[in-house]
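For reference, the structure is listed below as structure tokens.
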Amino acid sequence: MPDRYYLWTVGCQMNKADSEKLAAGFDRIGMTATDRPERADIVVINTCSVRQHAEDRAYSKLGRVKDLKKERPGLKVAVMGCMVGLKTDDLEKRFPFVDVFARPQQFDGIMQLVEGPTEDLGGEFWPSTYAIPEGPAAYVPVVHGCNKFCTYCIVPYRRGREKSRQLDEIVREVAYLALHGVREVTLLGQTVEAYGHDLADQPDLGDLMRALSEIERLKRIRFLTSYPKDMTHRILEAVAQLPKVMESFSLPVQAGSDTILESMRRGYTKSEYLDKIAEVRDLMPHAGITTDIIVGYPGETDAQFEETCALLEDLRFDKVHVAAYSPRPGTIAFRKMEDDIPAAVKAARLQRVEVVEASISLAINETYVGSTQEILVEGVRGEQPFGRTRTGKLVHLDAPARVGSLIDVRIDHAGPFSLRGAAVDSLALA
Ligand code: SAH
Ligand code: SF4
Ligand code: F3S
């Protein structure tokens with residue numbers, strides 16, 4: 001049996017959570033991780049397809065793995081994740097040295113490759129194999145897949161339809177994590193408020209949050225990614241009322257023009273989105289809200305792009321993740337629309353969003369200076385501990401602090417991407 005594994009991951013938190021789960025499976029059968037592919041018996045590349053750039057990163061990594069395999073033909077190579085669709089002929093032709101292509105969360109082929117015991121998955125993906133926590137903050141997928149089929153997006157084709165995990169399974173996993181030092185979980189789903197729709201007694205995300213709040217050692221609950229149409233008032237009330245649930249939202253809008261939103265099939269208008277933000281801010285005036293934007297979507301005019309900029313100025317998000325439209329083979333946009341915005345225009349729009357947003361983010365962050373914020377110390381980078389506020393702001397601490405502790409920090413400096421401060425009570429630093 002191969003002994004050492006090297007696992008490389010790109011993509012979103014869901015993909016990272018998948019890698020951690022696979023690692024837990026490897027560890028369970030006695031394998032050990034290595035961070036040097038040249039020392040590994042098996043190399044696993046966990047891929048993302050959301051944009052061409054993400055695929056390119058995996059291709060270049062695979063180029064290096066090919067050389068390793070030439071030197072050591074016994075090396076086993078697996079490619080998993082969102083680059084692997086139903087048909088793998090093209091990938092097989094392009095990368096003949098790869099032993100197994102595994103779709104997201106379909107670990108069987110990889111486990112067979114390492115000759116580990118294959119087990120009955122019981123309809124759920126490894127319900128009793130939990131990722132081994134590496135720090136006080138952990139990601140926990142709660143609903144897999146996506147049913148929305150936004151025209152530009154590859155995710156539903158690669159991850160399948162929405163499928164929720166059983167509520168008691170999640171509670172058991174989070175209780176396990178909490179016992180092993182985890183103080184904060186981030187509940188994951190492509191549209192996380194879709195949680196529970198497909199389960200027998202139809203719990204919603206709020207019910208799940210209520211159940212998780214009972215776990216004493218768990219101090220914080222976050223959730224990603226929100227979808228405006230699925231975010232009900234009932235869920236928002238749970239977020240507002242439950243002290244352990246952080247008032248921090250990732251609520252992608254994608255565009256500020258109704259024409260573009262309709263063409264994307266996002267399922268809401270600009271004014272419905274504005275209402276949703278108003279509802280959030282009405283219940284939680286200080287909530288942190290981030291969004292995602294795509295620039296250069298097929299047919300996007302200058303005027304339509306200006307509507308996106310105006311929306312950003314109007315709503316003042318804490319942070320914006322902006323990406324240039326990247327045509328994804330197989331999607332509706334790829335099949336029906338021409339990728340007609342020149343690369344230079346996309347780049348200029350992208351930069352404009354970044355400039356607009358940098359000054360907004362900085363202005364919001366400056367309002368934190370002088371305030372006291374509760375921080376969960378998540379780790380140490382260099383010599384400096386870091387953590388996040390309830391609203392999701394990254395804070396660097398000026399003095400040592402115990403990883404995993406919840407401390408009050410007085411903010412004394414703000415930049416566009418993070419804050420800095422010192423613990424109010426120096427006893428907390430012990
Ligand atoms: N489920 C989330 C996001 C999933 S993908 C949602 O509904 O918003 C993460 C982000 O990647 C998206 O928010 C979008 O901004 C971006 N993205 C997805 N497909 C893309 C594409 N083809 N080109 C450029 N950006 C894309
Ligand atoms: Fe993709 Fe849309 Fe689903 Fe988000 S909601 S994962 S953008 S199809
Ligand atoms: Fe995530 Fe990329 Fe797949 S963003 S869901 S790993 S396409």
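Labels for the structure tokens follow display order: chains A, B, ..., residues from 1 in each chain, ligands from 1.
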(request) List all protein, DNA and RNA residues that have an atom no more than 6 Å from any atom of ligand 3, counting only C-alpha atoms and all ligand atoms, and report them as a PyMOL selection string. (result) chain A and resi 11-12+14-15+48-50+82+155
Just-selected residues, N, CA and C atoms written as a PDB file, in the first residue's frame:
ATOM      1  N   GLY A  11      -9.293  26.146  -5.642  1.00  0.00           N
ATOM      2  CA  GLY A  11     -10.752  26.279  -5.639  1.00  0.00           C
ATOM      3  C   GLY A  11     -11.304  26.796  -4.345  1.00  0.00           C
ATOM      4  N   CYS A  12     -12.610  26.578  -4.177  1.00  0.00           N
ATOM      5  CA  CYS A  12     -13.328  27.203  -3.070  1.00  0.00           C
ATOM      6  C   CYS A  12     -13.188  26.390  -1.778  1.00  0.00           C
ATOM      7  N   MET A  14     -15.324  24.635  -0.359  1.00  0.00           N
ATOM      8  CA  MET A  14     -15.924  23.307  -0.485  1.00  0.00           C
ATOM      9  C   MET A  14     -14.860  22.315  -0.980  1.00  0.00           C
ATOM     10  N   ASN A  15     -14.055  22.757  -1.936  1.00  0.00           N
ATOM     11  CA  ASN A  15     -13.011  21.895  -2.461  1.00  0.00           C
ATOM     12  C   ASN A  15     -11.962  21.608  -1.389  1.00  0.00           C
ATOM     13  N   CYS A  48     -10.253  22.837  -9.757  1.00  0.00           N
ATOM     14  CA  CYS A  48     -11.387  23.764  -9.829  1.00  0.00           C
ATOM     15  C   CYS A  48     -11.564  24.180 -11.276  1.00  0.00           C
ATOM     16  N   SER A  49     -12.818  24.386 -11.693  1.00  0.00           N
ATOM     17  CA  SER A  49     -13.106  24.733 -13.086  1.00  0.00           C
ATOM     18  C   SER A  49     -13.821  26.051 -13.219  1.00  0.00           C
ATOM     19  N   VAL A  50     -13.904  26.817 -12.146  1.00  0.00           N
ATOM     20  CA  VAL A  50     -14.812  27.963 -12.149  1.00  0.00           C
ATOM     21  C   VAL A  50     -14.406  28.998 -13.193  1.00  0.00           C
ATOM     22  N   CYS A  82     -13.568  19.528  -9.571  1.00  0.00           N
ATOM     23  CA  CYS A  82     -14.521  20.055 -10.543  1.00  0.00           C
ATOM     24  C   CYS A  82     -14.043  20.027 -11.993  1.00  0.00           C
ATOM     25  N   VAL A 155     -20.500  25.027 -11.943  1.00  0.00           N
ATOM     26  CA  VAL A 155     -20.638  24.258 -10.700  1.00  0.00           C
ATOM     27  C   VAL A 155     -21.746  23.189 -10.738  1.00  0.00           C
TER      28      VAL A 155
END
(request) Report the residues of segment 293-346 of chain A whose backbone DSSP state falls under strand (DSSP E), written as a PyMOL selection string. (result) chain A and resi 293-295+319-324
Write the residues of the preceding selection, restricted to C-alpha atoms, as an mmCIF file, in the first residue's frame.
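Full text of out-v8.cif as output:
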data_model
loop_
_atom_site.group_PDB
_atom_site.id
_atom_site.type_symbol
_atom_site.label_atom_id
_atom_site.label_comp_id
_atom_site.auth_asym_id
_atom_site.auth_seq_id
_atom_site.Cartn_x
_atom_site.Cartn_y
_atom_site.Cartn_z
ATOM 1 C CA ILE A 293 -19.082 40.550 -9.246
ATOM 2 C CA ILE A 294 -18.493 39.286 -12.772
ATOM 3 C CA VAL A 295 -17.306 41.921 -15.274
ATOM 4 C CA LYS A 319 -15.363 43.477 0.359
ATOM 5 C CA VAL A 320 -15.945 42.605 -3.303
ATOM 6 C CA HIS A 321 -14.567 39.560 -5.106
ATOM 7 C CA VAL A 322 -14.418 40.530 -8.743
ATOM 8 C CA ALA A 323 -13.700 38.239 -11.684
ATOM 9 C CA ALA A 324 -13.607 38.702 -15.445
#
(request) Rank A:Leu397, A:Met284, A:Leu205, A:Met111 by their smallest atom-to-atom distance to Met246 of chain A, using only C-alpha atoms, and report the top residue only. (result)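 Checking each of A:Leu397, A:Met284, A:Leu205, A:Met111 against Met246 of chain A, counting only C-alpha atoms, the winner is A:Met284.
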(message) Neighbours of ligand 2 at 8 Å or closer, counting only C-alpha atoms and all ligand atoms: which residues, as number ranges by chain?
(response) A: 145-156, 190-191, 227, 266
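Nearest-residue note for Gln373 of chain A: choosing from A:Pro298, A:Gly288, A:Gly421, A:Pro342, the minimum distance belongs to A:Gly421, counting only C-alpha atoms.
Between atom CA of Leu177 of chain A and atom CA of Gly379 of chain A there is a distance of 16.7 Å.
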